[in-house]
Amino acid sequence: IDGDSTVRGLAFVVPAKLEGRAVDLLLDTGALRTDVLSASSAGASLLPRSVPGRDALIAASGRIITRTVRRASLRVGEHAVTTDVDIVEGLRDDTCPRDGVIAMDVLRHCVLLLGAQGAQGRCRVP
């Protein structure tokens, strides 16, 4: 919960495994592609496997250049996928401690229930 804002919005951060490394990913249903921060341990370990990103992304801060790890393994709970993951510049933020975001490229086959007490989800394999 963002207690410093008058909106007091909720953010849902879920534990996951990215290429076998533990990460905390923000559920971001407004983002198209899953990413990991370059400053996180997972992001730093994946940099050698990455290639220049296909597209520049537009974020709230403006245009950002990415690198992409092709066919990375990602597991959230029981849901496991192989997907491209972008590596983006950035640091963990104390207001929302996360290593990256899990986006609609992974969540499109999921049903999520988000509430004040937490989040639950169920995903199907396409």
# chains A, B, ... in the order shown; residues from 1 in each chain; ligands from 1

call {"tool": "select_by_dssp", "arguments": {"residues": "chain A", "states": "alpha helix (DSSP H)", "output": "short mmCIF file (atom, residue, chain, number, x, y, z; two decimals) with N, CA and C atoms, in the first residue's frame"}}
result
data_model
loop_
_atom_site.label_atom_id
_atom_site.label_comp_id
_atom_site.auth_asym_id
_atom_site.auth_seq_id
_atom_site.Cartn_x
_atom_site.Cartn_y
_atom_site.Cartn_z
N SER A 41 20.11 -8.58 -9.17
CA SER A 41 21.06 -9.69 -9.37
C SER A 41 20.65 -10.55 -10.56
N ALA A 42 19.35 -10.75 -10.74
CA ALA A 42 18.88 -11.54 -11.89
C ALA A 42 19.19 -10.81 -13.20
N GLY A 43 18.94 -9.50 -13.24
CA GLY A 43 19.22 -8.72 -14.44
C GLY A 43 20.69 -8.75 -14.79
N ALA A 44 21.54 -8.55 -13.79
CA ALA A 44 22.99 -8.56 -14.02
C ALA A 44 23.47 -9.91 -14.52
N SER A 45 22.90 -10.99 -13.97
CA SER A 45 23.34 -12.33 -14.39
C SER A 45 22.87 -12.67 -15.81
N LEU A 46 21.78 -12.06 -16.26
CA LEU A 46 21.25 -12.34 -17.59
C LEU A 46 21.87 -11.47 -18.69
N MET A 104 1.57 -8.60 -19.44
CA MET A 104 0.53 -9.31 -20.16
C MET A 104 1.04 -10.40 -21.10
N ASP A 105 2.31 -10.34 -21.51
CA ASP A 105 2.84 -11.43 -22.34
C ASP A 105 2.78 -12.76 -21.58
N VAL A 106 2.89 -12.72 -20.26
CA VAL A 106 2.80 -13.92 -19.43
C VAL A 106 1.40 -14.05 -18.83
N LEU A 107 0.79 -12.93 -18.46
CA LEU A 107 -0.50 -12.96 -17.75
C LEU A 107 -1.71 -13.14 -18.65
#

call {"tool": "residues_around", "arguments": {"residues": "Leu25 (chain A)", "least_positions_apart": "3", "cutoff": "7 Å", "atoms": "only C-alpha atoms", "output": "number ranges by chain"}}
result
A: 13-16, 98-102

call {"tool": "write_last_selection", "arguments": {"atoms": "C-alpha atoms", "output": "mmCIF file, in the first residue's frame"}}
result
data_model
loop_
_atom_site.group_PDB
_atom_site.id
_atom_site.type_symbol
_atom_site.label_atom_id
_atom_site.label_comp_id
_atom_site.auth_asym_id
_atom_site.auth_seq_id
_atom_site.Cartn_x
_atom_site.Cartn_y
_atom_site.Cartn_z
ATOM 1 C CA VAL A 13 4.595 -8.069 -5.900
ATOM 2 C CA VAL A 14 4.869 -11.823 -6.359
ATOM 3 C CA PRO A 15 7.806 -14.163 -5.800
ATOM 4 C CA ALA A 16 9.010 -15.886 -8.962
ATOM 5 C CA ARG A 98 10.697 -5.307 -7.007
ATOM 6 C CA ASP A 99 13.214 -6.778 -9.421
ATOM 7 C CA GLY A 100 10.994 -6.197 -12.454
ATOM 8 C CA VAL A 101 7.454 -6.670 -13.715
ATOM 9 C CA ILE A 102 5.393 -9.594 -14.895
#

call {"tool": "residues_around", "arguments": {"residues": "Leu47 (chain A)", "least_positions_apart": "2", "cutoff": "12 Å", "atoms": "only C-alpha atoms", "output": "tab-separated table (two decimals) with N, CA, C and O atoms, in the first residue's frame"}}
result
chain	number	residue	atom	x	y	z
A	36	VAL	N	13.01	-7.22	-16.28
A	36	VAL	CA	13.78	-7.28	-15.05
A	36	VAL	C	14.73	-6.09	-15.05
A	36	VAL	O	15.19	-5.66	-16.12
A	37	LEU	N	14.97	-5.53	-13.88
A	37	LEU	CA	15.84	-4.36	-13.76
A	37	LEU	C	17.30	-4.79	-13.92
A	37	LEU	O	17.74	-5.79	-13.35
A	38	SER	N	18.06	-3.99	-14.65
A	38	SER	CA	19.47	-4.32	-14.90
A	38	SER	C	20.28	-4.33	-13.62
A	38	SER	O	21.27	-5.05	-13.51
A	39	ALA	N	19.88	-3.54	-12.61
A	39	ALA	CA	20.63	-3.47	-11.36
A	39	ALA	C	20.32	-4.62	-10.40
A	39	ALA	O	21.01	-4.80	-9.41
A	40	SER	N	19.29	-5.42	-10.71
A	40	SER	CA	18.98	-6.56	-9.85
A	40	SER	C	19.99	-7.67	-10.11
A	40	SER	O	20.63	-7.71	-11.15
A	41	SER	N	20.11	-8.58	-9.17
A	41	SER	CA	21.06	-9.69	-9.37
A	41	SER	C	20.65	-10.55	-10.56
A	41	SER	O	21.50	-11.01	-11.32
A	42	ALA	N	19.35	-10.75	-10.74
A	42	ALA	CA	18.88	-11.54	-11.89
A	42	ALA	C	19.19	-10.81	-13.20
A	42	ALA	O	19.65	-11.42	-14.17
A	43	GLY	N	18.94	-9.50	-13.24
A	43	GLY	CA	19.22	-8.72	-14.44
A	43	GLY	C	20.69	-8.75	-14.79
A	43	GLY	O	21.07	-8.94	-15.95
A	44	ALA	N	21.54	-8.55	-13.79
A	44	ALA	CA	22.99	-8.56	-14.02
A	44	ALA	C	23.47	-9.91	-14.52
A	44	ALA	O	24.31	-10.00	-15.41
A	45	SER	N	22.90	-10.99	-13.97
A	45	SER	CA	23.34	-12.33	-14.39
A	45	SER	C	22.87	-12.67	-15.81
A	45	SER	O	23.49	-13.48	-16.49
A	49	ARG	N	23.69	-13.02	-21.69
A	49	ARG	CA	22.83	-13.77	-22.62
A	49	ARG	C	21.93	-12.86	-23.46
A	49	ARG	O	21.21	-13.35	-24.33
A	50	SER	N	21.94	-11.57	-23.18
A	50	SER	CA	20.98	-10.67	-23.82
A	50	SER	C	21.47	-10.16	-25.16
A	50	SER	O	22.66	-10.17	-25.45
A	51	VAL	N	20.51	-9.72	-25.95
A	51	VAL	CA	20.77	-9.09	-27.25
A	51	VAL	C	20.10	-7.73	-27.24
A	51	VAL	O	19.19	-7.49	-26.43
A	52	PRO	N	20.51	-6.81	-28.11
A	52	PRO	CA	19.82	-5.52	-28.15
A	52	PRO	C	18.31	-5.73	-28.35
A	52	PRO	O	17.89	-6.58	-29.13
A	53	GLY	N	17.52	-4.95	-27.63
A	53	GLY	CA	16.07	-5.07	-27.72
A	53	GLY	C	15.56	-4.75	-29.11
A	53	GLY	O	16.16	-3.97	-29.84
A	66	THR	N	16.26	-1.15	-24.36
A	66	THR	CA	16.29	-2.41	-23.60
A	66	THR	C	17.25	-3.40	-24.24
A	66	THR	O	17.69	-3.23	-25.37
A	67	ARG	N	17.53	-4.42	-23.48
A	67	ARG	CA	18.18	-5.62	-23.99
A	67	ARG	C	17.18	-6.74	-23.74
A	67	ARG	O	16.31	-6.62	-22.87
A	68	THR	N	17.27	-7.81	-24.49
A	68	THR	CA	16.29	-8.89	-24.38
A	68	THR	C	16.99	-10.22	-24.21
A	68	THR	O	17.99	-10.50	-24.88
A	69	VAL	N	16.47	-11.02	-23.30
A	69	VAL	CA	16.91	-12.40	-23.13
A	69	VAL	C	15.85	-13.27	-23.78
A	69	VAL	O	14.68	-13.25	-23.38
A	70	ARG	N	16.23	-13.95	-24.82
A	70	ARG	CA	15.28	-14.79	-25.56
A	70	ARG	C	15.07	-16.13	-24.84
A	70	ARG	O	16.01	-16.72	-24.32
A	85	VAL	N	12.36	-11.92	-22.11
A	85	VAL	CA	12.32	-11.00	-20.97
A	85	VAL	C	13.24	-9.83	-21.29
A	85	VAL	O	14.40	-10.03	-21.67
A	86	ASP	N	12.72	-8.63	-21.16
A	86	ASP	CA	13.52	-7.43	-21.38
A	86	ASP	C	14.33	-7.10	-20.14
A	86	ASP	O	13.87	-7.32	-19.01
A	87	ILE	N	15.51	-6.57	-20.33
A	87	ILE	CA	16.32	-6.02	-19.24
A	87	ILE	C	16.28	-4.50	-19.41
A	87	ILE	O	16.64	-3.99	-20.47
A	88	VAL	N	15.80	-3.82	-18.38
A	88	VAL	CA	15.65	-2.37	-18.45
A	88	VAL	C	16.49	-1.71	-17.36
A	88	VAL	O	16.75	-2.30	-16.32
A	89	GLU	N	16.92	-0.49	-17.65
A	89	GLU	CA	17.67	0.28	-16.65
A	89	GLU	C	16.78	0.57	-15.46
A	89	GLU	O	15.58	0.79	-15.62

call {"tool": "atom_distance", "arguments": {"atom1": "CA of Leu10 (chain A)", "atom2": "CA of Thr95 (chain A)"}}
result
10.9 Å

call {"tool": "select_by_dssp", "arguments": {"residues": "chain A", "states": "strand (DSSP E)", "output": "PyMOL selection string"}}
result
chain A and resi 13-18+21-27+35-37+51-52+57-59+62-64+67-76+79-88+100-102+110-115+118-123

call {"tool": "closest_residue", "arguments": {"among": "A:Ala72, A:Ala11, A:Cys110, A:Ala60", "to": "Asp84 (chain A)", "atoms": "only C-alpha atoms"}}
result
A:Ala72

call {"tool": "closest_residue", "arguments": {"among": "A:Arg122, A:Arg71, A:Arg33, A:His79", "to": "Ile58 (chain A)", "atoms": "only C-alpha atoms"}}
result
A:Arg33

call {"tool": "atom_distance", "arguments": {"atom1": "CA of Cys96 (chain A)", "atom2": "CA of Arg124 (chain A)"}}
result
27.7 Å
